>>> print(open('query14.tsv').read())   # TSV, C-alpha atoms
chain	number	residue	atom	x	y	z
V	213	MET	CA	-34.40	-6.77	26.94
V	214	ASN	CA	-35.63	-9.90	25.19
V	215	LYS	CA	-33.08	-9.38	22.40
V	216	VAL	CA	-30.28	-9.22	24.94
V	217	ARG	CA	-31.51	-12.42	26.56
V	218	GLN	CA	-31.72	-14.13	23.15
V	219	VAL	CA	-28.17	-13.06	22.33
V	220	LEU	CA	-26.89	-14.46	25.62
V	221	ILE	CA	-28.76	-17.75	25.22
V	222	GLY	CA	-27.70	-18.03	21.58
V	223	GLY	CA	-24.10	-17.31	22.49
V	224	SER	CA	-24.20	-19.96	25.19
V	225	LEU	CA	-25.61	-22.57	22.81
V	226	LEU	CA	-23.04	-21.67	20.15
V	227	LEU	CA	-20.29	-21.94	22.72
V	228	ILE	CA	-21.47	-25.42	23.68
V	229	ALA	CA	-21.97	-26.58	20.08
V	230	THR	CA	-18.61	-25.39	18.73
V	231	SER	CA	-16.40	-26.13	21.71
V	232	MET	CA	-17.84	-29.21	23.38
V	233	GLN	CA	-14.61	-31.22	23.17
V	234	ALA	CA	-12.62	-28.49	24.91
V	235	ALA	CA	-15.40	-27.29	27.22
V	236	GLU	CA	-16.04	-28.02	30.86
V	237	ILE	CA	-19.64	-28.10	32.07
V	238	SER	CA	-20.31	-27.55	35.76
V	239	GLY	CA	-23.25	-26.86	38.01
V	240	ASN	CA	-23.90	-25.47	41.46
V	241	VAL	CA	-26.66	-25.35	44.05
V	242	THR	CA	-26.93	-23.18	47.17
V	243	LEU	CA	-29.19	-23.12	50.21
V	244	ALA	CA	-28.97	-19.92	52.25
V	245	SER	CA	-30.80	-18.08	55.00
V	246	ASP	CA	-31.11	-14.99	52.78
V	247	TYR	CA	-30.32	-13.81	49.23
V	248	VAL	CA	-28.29	-10.62	49.52
V	249	TYR	CA	-27.45	-8.71	46.33
V	250	ARG	CA	-25.10	-5.77	46.78
V	251	GLY	CA	-26.07	-5.46	50.42
V	252	VAL	CA	-29.83	-5.66	49.83
V	253	SER	CA	-32.04	-8.65	50.73
V	254	GLN	CA	-33.88	-9.98	47.68
V	255	THR	CA	-36.02	-12.40	49.70
V	256	SER	CA	-37.21	-10.09	52.51
V	257	GLU	CA	-34.74	-11.85	54.84
V	258	GLU	CA	-36.27	-15.26	54.08
V	259	PRO	CA	-34.38	-18.43	52.99
V	260	THR	CA	-33.37	-19.00	49.37
V	261	ILE	CA	-32.51	-21.87	47.05
V	262	GLN	CA	-30.29	-21.05	44.09
V	263	GLY	CA	-28.53	-22.89	41.32
V	264	GLY	CA	-26.98	-22.66	37.91
V	265	PHE	CA	-24.88	-24.18	35.14
V	266	ASP	CA	-21.69	-22.94	33.50
V	267	VAL	CA	-19.80	-23.86	30.35
V	268	THR	CA	-16.10	-22.91	30.28
V	269	VAL	CA	-13.74	-23.29	27.31
V	270	GLU	CA	-9.98	-23.72	27.65
V	271	ASN	CA	-9.32	-20.30	26.09
V	272	GLY	CA	-11.21	-18.57	28.93
V	273	VAL	CA	-14.60	-18.03	27.27
V	274	TYR	CA	-17.53	-18.95	29.49
V	275	ALA	CA	-21.33	-18.74	29.55
V	276	GLY	CA	-23.97	-19.69	32.07
V	277	ILE	CA	-27.39	-19.42	33.61
V	278	TRP	CA	-28.29	-18.94	37.28
V	279	ALA	CA	-31.63	-18.68	39.10
V	280	SER	CA	-32.98	-17.87	42.55
V	281	ASN	CA	-36.24	-17.29	44.34
V	282	ILE	CA	-36.96	-13.68	45.30
V	283	SER	CA	-39.75	-11.88	47.18
V	284	PHE	CA	-40.90	-9.55	44.35
V	285	ASP	CA	-41.69	-9.53	40.61
V	286	GLY	CA	-43.18	-12.99	40.40
V	287	SER	CA	-40.78	-14.58	42.90
V	288	VAL	CA	-38.17	-15.72	40.32
V	289	GLU	CA	-34.90	-14.22	39.06
V	290	VAL	CA	-32.98	-15.80	36.16
V	291	ASP	CA	-29.57	-14.47	35.10
V	292	TYR	CA	-27.86	-15.16	31.75
V	293	TYR	CA	-24.21	-14.27	31.22
V	294	ILE	CA	-21.32	-14.69	28.84
V	295	GLY	CA	-17.75	-13.52	29.26
V	296	PHE	CA	-14.01	-14.07	29.04
V	297	SER	CA	-11.45	-14.48	31.82
V	298	ASN	CA	-7.73	-15.12	31.67
V	299	ASP	CA	-4.34	-14.45	33.25
V	300	ILE	CA	-2.30	-11.44	32.18
V	301	LEU	CA	0.95	-12.05	34.04
V	302	GLU	CA	1.89	-14.16	37.03
V	303	ASP	CA	-0.48	-13.19	39.90
V	304	TRP	CA	-2.63	-11.00	37.60
V	305	SER	CA	-5.97	-11.96	36.02
V	306	TYR	CA	-9.07	-10.30	34.60
V	307	ASP	CA	-12.72	-11.06	33.84
V	308	ILE	CA	-14.98	-9.22	31.39
V	309	GLY	CA	-18.53	-10.02	30.33
V	310	LEU	CA	-22.21	-9.21	29.90
V	311	ILE	CA	-25.02	-10.29	32.24
V	312	HIS	CA	-28.78	-10.02	31.83
V	313	TYR	CA	-31.00	-10.04	34.94
V	314	ASP	CA	-34.38	-11.45	33.97
V	315	TYR	CA	-37.61	-11.49	36.01
V	316	PRO	CA	-39.77	-13.71	33.76
V	317	LYS	CA	-42.97	-13.40	35.79
V	318	ASP	CA	-42.74	-9.64	36.13
V	319	GLY	CA	-45.75	-7.98	34.54
V	320	ALA	CA	-45.45	-4.64	36.27
V	321	SER	CA	-44.33	-1.29	34.96
V	322	PRO	CA	-41.61	-0.05	35.15
V	323	ASP	CA	-39.76	-3.10	33.83
V	324	SER	CA	-37.36	-4.74	36.29
V	325	ASP	CA	-35.17	-6.51	33.70
V	326	PHE	CA	-31.75	-4.99	33.06
V	327	GLN	CA	-28.28	-5.88	31.81
V	328	GLU	CA	-24.75	-4.92	32.82
V	329	LEU	CA	-21.30	-4.93	31.32
V	330	TYR	CA	-18.76	-5.92	33.96
V	331	PHE	CA	-14.99	-5.98	34.35
V	332	SER	CA	-12.73	-7.05	37.21
V	333	LEU	CA	-8.97	-7.13	37.74
V	334	SER	CA	-7.27	-9.32	40.33
V	335	TYR	CA	-3.77	-9.29	41.78
V	336	GLN	CA	-3.01	-12.15	44.15
V	337	ALA	CA	-5.70	-11.82	46.89
V	338	PHE	CA	-6.96	-8.38	45.81
V	339	THR	CA	-9.80	-7.79	43.32
V	340	VAL	CA	-11.34	-4.56	42.04
V	341	GLY	CA	-14.27	-4.44	39.65
V	342	ILE	CA	-16.87	-2.27	37.96
V	343	ALA	CA	-20.27	-2.93	36.35
V	344	ASN	CA	-22.32	-0.51	34.26
V	345	SER	CA	-25.95	-0.58	33.16
V	346	SER	CA	-27.47	1.87	30.68
V	347	ASP	CA	-30.90	1.36	32.29
V	348	PHE	CA	-30.80	-0.18	35.73
V	349	PHE	CA	-33.43	-2.14	37.72
V	350	GLY	CA	-36.88	-0.54	37.57
V	351	GLU	CA	-35.89	1.71	34.65
V	352	THR	CA	-33.94	3.97	37.02
V	353	GLY	CA	-31.46	5.13	34.37
V	354	SER	CA	-27.73	4.66	34.02
V	355	ALA	CA	-26.02	3.00	36.98
V	356	THR	CA	-22.45	2.11	37.92
V	357	TYR	CA	-21.31	-0.30	40.61
V	358	ALA	CA	-17.68	-0.38	41.80
V	359	TYR	CA	-16.19	-2.69	44.39
V	360	GLY	CA	-13.03	-4.00	45.98
V	361	GLU	CA	-12.30	-7.30	47.77
V	362	TYR	CA	-9.48	-8.89	49.72
V	363	ASP	CA	-9.43	-12.67	50.22
V	364	LEU	CA	-7.40	-13.61	53.29
V	365	SER	CA	-6.35	-17.25	53.74
V	366	LEU	CA	-6.60	-18.41	57.35
V	367	PRO	CA	-5.35	-21.64	58.98
V	368	ASN	CA	-7.26	-24.90	58.35
V	369	ASP	CA	-8.20	-23.83	54.80
V	370	VAL	CA	-10.58	-21.13	56.04
V	371	SER	CA	-11.10	-18.09	53.81
V	372	LEU	CA	-12.02	-14.61	55.05
V	373	VAL	CA	-13.20	-12.14	52.40
V	374	PHE	CA	-13.50	-8.39	53.04
V	375	HIS	CA	-15.76	-6.59	50.55
V	376	TYR	CA	-16.73	-2.97	49.93
V	377	GLY	CA	-18.95	-1.71	47.10
V	378	SER	CA	-20.64	1.48	45.95
V	379	GLN	CA	-23.81	1.55	43.83
V	380	GLY	CA	-24.51	4.76	41.93
V	381	ILE	CA	-27.87	5.27	40.15
V	382	ASP	CA	-28.83	8.28	38.02
V	383	ASP	CA	-32.56	8.39	38.84
V	384	ALA	CA	-32.45	6.99	42.38
V	385	GLU	CA	-30.40	7.35	45.53
V	386	GLY	CA	-27.13	5.47	45.51
V	387	TYR	CA	-25.60	3.73	48.51
V	388	ASP	CA	-22.49	1.96	49.83
V	389	GLU	CA	-22.41	-1.64	51.01
V	390	TYR	CA	-19.87	-3.82	52.79
V	391	SER	CA	-19.49	-7.37	54.03
V	392	MET	CA	-17.21	-9.95	55.64
V	393	SER	CA	-17.47	-13.65	54.82
V	394	LEU	CA	-15.92	-16.73	56.39
V	395	SER	CA	-15.97	-19.92	54.31
V	396	LYS	CA	-14.63	-23.46	54.45
V	397	GLU	CA	-15.15	-26.64	52.43
V	398	ILE	CA	-16.14	-29.72	54.42
V	399	SER	CA	-16.77	-33.07	52.70
V	400	GLY	CA	-17.35	-31.39	49.35
V	401	ILE	CA	-19.79	-28.78	50.71
V	402	ASP	CA	-18.85	-25.11	51.00
V	403	PHE	CA	-20.05	-23.55	54.25
V	404	SER	CA	-20.08	-19.76	54.57
V	405	LEU	CA	-21.10	-17.28	57.24
V	406	SER	CA	-21.40	-13.67	56.08
V	407	TRP	CA	-22.19	-10.30	57.62
V	408	HIS	CA	-23.72	-7.66	55.31
V	409	ASP	CA	-24.59	-4.01	55.86
V	410	THR	CA	-25.14	-0.74	53.97
V	411	ASP	CA	-25.15	2.97	54.77
V	412	VAL	CA	-28.97	3.04	54.36
V	413	ASN	CA	-30.78	2.83	57.71
V	414	SER	CA	-34.34	3.70	56.68
V	415	VAL	CA	-35.25	0.49	54.75
V	416	ASP	CA	-35.32	-2.97	56.39
V	417	ASP	CA	-33.95	-4.85	53.35
V	418	PHE	CA	-30.83	-2.64	53.42
V	419	GLY	CA	-30.04	-3.30	57.10
V	420	SER	CA	-27.37	-5.36	58.83
V	421	ARG	CA	-27.78	-9.13	58.55
V	422	ILE	CA	-26.00	-12.43	59.05
V	423	VAL	CA	-26.30	-15.04	56.26
V	424	LEU	CA	-25.52	-18.75	56.51
V	425	ALA	CA	-25.10	-20.60	53.20
V	426	LEU	CA	-24.31	-24.15	52.06
V	427	SER	CA	-23.13	-24.63	48.48
V	428	LYS	CA	-22.32	-27.69	46.41
V	429	SER	CA	-20.57	-27.90	43.04
V	430	LEU	CA	-22.06	-30.46	40.66
>>> encode(input="query14.tsv", output="structure tokens")
Amino acid sequence: MNKVRQVLIGGSLLLIATSMQAAEISGNVTLASDYVYRGVSQTSEEPTIQGGFDVTVENGVYAGIWASNISFDGSVEVDYYIGFSNDILEDWSYDIGLIHYDYPKDGASPDSDFQELYFSLSYQAFTVGIANSSDFFGETGSATYAYGEYDLSLPNDVSLVFHYGSQGIDDAEGYDEYSMSLSKEISGIDFSLSWHDTDVNSVDDFGSRIVLALSKSL
């Protein structure tokens, strides 16, 4: 896991060093009432503060780092990623990359750290994607996540996103998750209101929830 993290960090630094003149550096910060990852609360339904930085080159190569508080494994999650996105034809685009989920204060066994290869394909307002891990969170074996989204533009620059995903895990029970999100930018701040749920009813963190989030690009 450490080698993967080093590769991602090294790739990010190389990207910055070799492409600074053609690169765009951006940041983001989010305050939200909950951190929901694939339908599951990562903060035990408590508020979260999140943020990250991205470097994007004109040819579509990008790299970044993102972090959030969580309610387990030392209370911190840090993600490193590098990838490539571009247009194929008019109205078509794709995104492919590698992400490493790091829990730096985690001293427990099994290890929570894991990485995924991901790919998505978009046509106009539709997006489908897939992510695969050879050893998923908590050393639960190979896992595949597939999803689909539709982004509907409403009047007054309001966006409504419908999302459905399915998480399969070799050594644990898989599940389906779904959400709807309304968002609008006001005075440079993105406001979103989302509803999340899964088909798991026996665990609180998997249950139905409403999330309010405020995000700002830096």
>>> atom_distance(input="query14.tsv", atom1="atom CA of Tyr274 of chain V", atom2="atom CA of Ile311 of chain V")
11.8 Å
>>> atom_distance(input="query14.tsv", atom1="atom CA of Asn271 of chain V", atom2="atom CA of Ile294 of chain V")
13.5 Å
>>> residues_around(input="query14.tsv", residues="segment 237-253 of chain V", least_positions_apart="2", cutoff="6 Å", atoms="all atoms listed in the file", output="list of chain:residue names")
V:Thr255, V:Ser256, V:Glu257, V:Glu258, V:Pro259, V:Thr260, V:Ile261, V:Gln262, V:Gly263, V:Gly264, V:Phe265, V:Asp266, V:Val267, V:Glu389, V:His408, V:Asp409, V:Thr410, V:Asp417, V:Phe418, V:Val423, V:Leu424, V:Ala425, V:Leu426, V:Ser427, V:Lys428, V:Ser429, V:Leu430
>>> axis_aligned_box(input="query14.tsv", around="segment 393-407 of chain V", padding_each_side="6 Å", output="JSON")
{"center_x": -18.4, "center_y": -21.7, "center_z": 53.5, "size_x": 19.6, "size_y": 34.8, "size_z": 20.3}
>>> atom_distance(input="query14.tsv", atom1="atom CA of Phe284 of chain V", atom2="atom CA of Gly341 of chain V")
27.5 Å
>>> closest_residue(input="query14.tsv", among="V:Asp369, V:Asp291, V:Asp411, V:Glu385", to="Glu397 of chain V", atoms="all atoms listed in the file")
V:Asp369
>>> closest_residue(input="query14.tsv", among="V:Val412, V:Ala355, V:Leu333, V:Ile277", to="Tyr390 of chain V", atoms="all atoms listed in the file")
V:Val412
>>> closest_residue(input="query14.tsv", among="V:Asn344, V:Ser332, V:Asn281, V:Asn298", to="Lys317 of chain V", atoms="only C-alpha atoms")
V:Asn281
>>> residues_around(input="query14.tsv", residues="Val370 of chain V", least_positions_apart="5", cutoff="10 Å", atoms="only C-alpha atoms", output="mmCIF file with C-alpha atoms, in the frame of the given file")
data_model
loop_
_atom_site.group_PDB
_atom_site.id
_atom_site.type_symbol
_atom_site.label_atom_id
_atom_site.label_comp_id
_atom_site.auth_asym_id
_atom_site.auth_seq_id
_atom_site.Cartn_x
_atom_site.Cartn_y
_atom_site.Cartn_z
ATOM 1 C CA LEU V 364 -7.400 -13.610 53.290
ATOM 2 C CA SER V 365 -6.350 -17.250 53.740
ATOM 3 C CA LEU V 394 -15.920 -16.730 56.390
ATOM 4 C CA SER V 395 -15.970 -19.920 54.310
ATOM 5 C CA LYS V 396 -14.630 -23.460 54.450
ATOM 6 C CA GLU V 397 -15.150 -26.640 52.430
ATOM 7 C CA PHE V 403 -20.050 -23.550 54.250
ATOM 8 C CA SER V 404 -20.080 -19.760 54.570
#
>>> closest_residue(input="query14.tsv", among="V:Asp402, V:Gly309, V:Tyr315, V:Asn413", to="Ser283 of chain V", atoms="only C-alpha atoms")
V:Tyr315
>>> residues_around(input="query14.tsv", residues="Tyr335 of chain V", least_positions_apart="5", cutoff="7 Å", atoms="all atoms listed in the file", output="ChimeraX atom specification")
/V:303-305
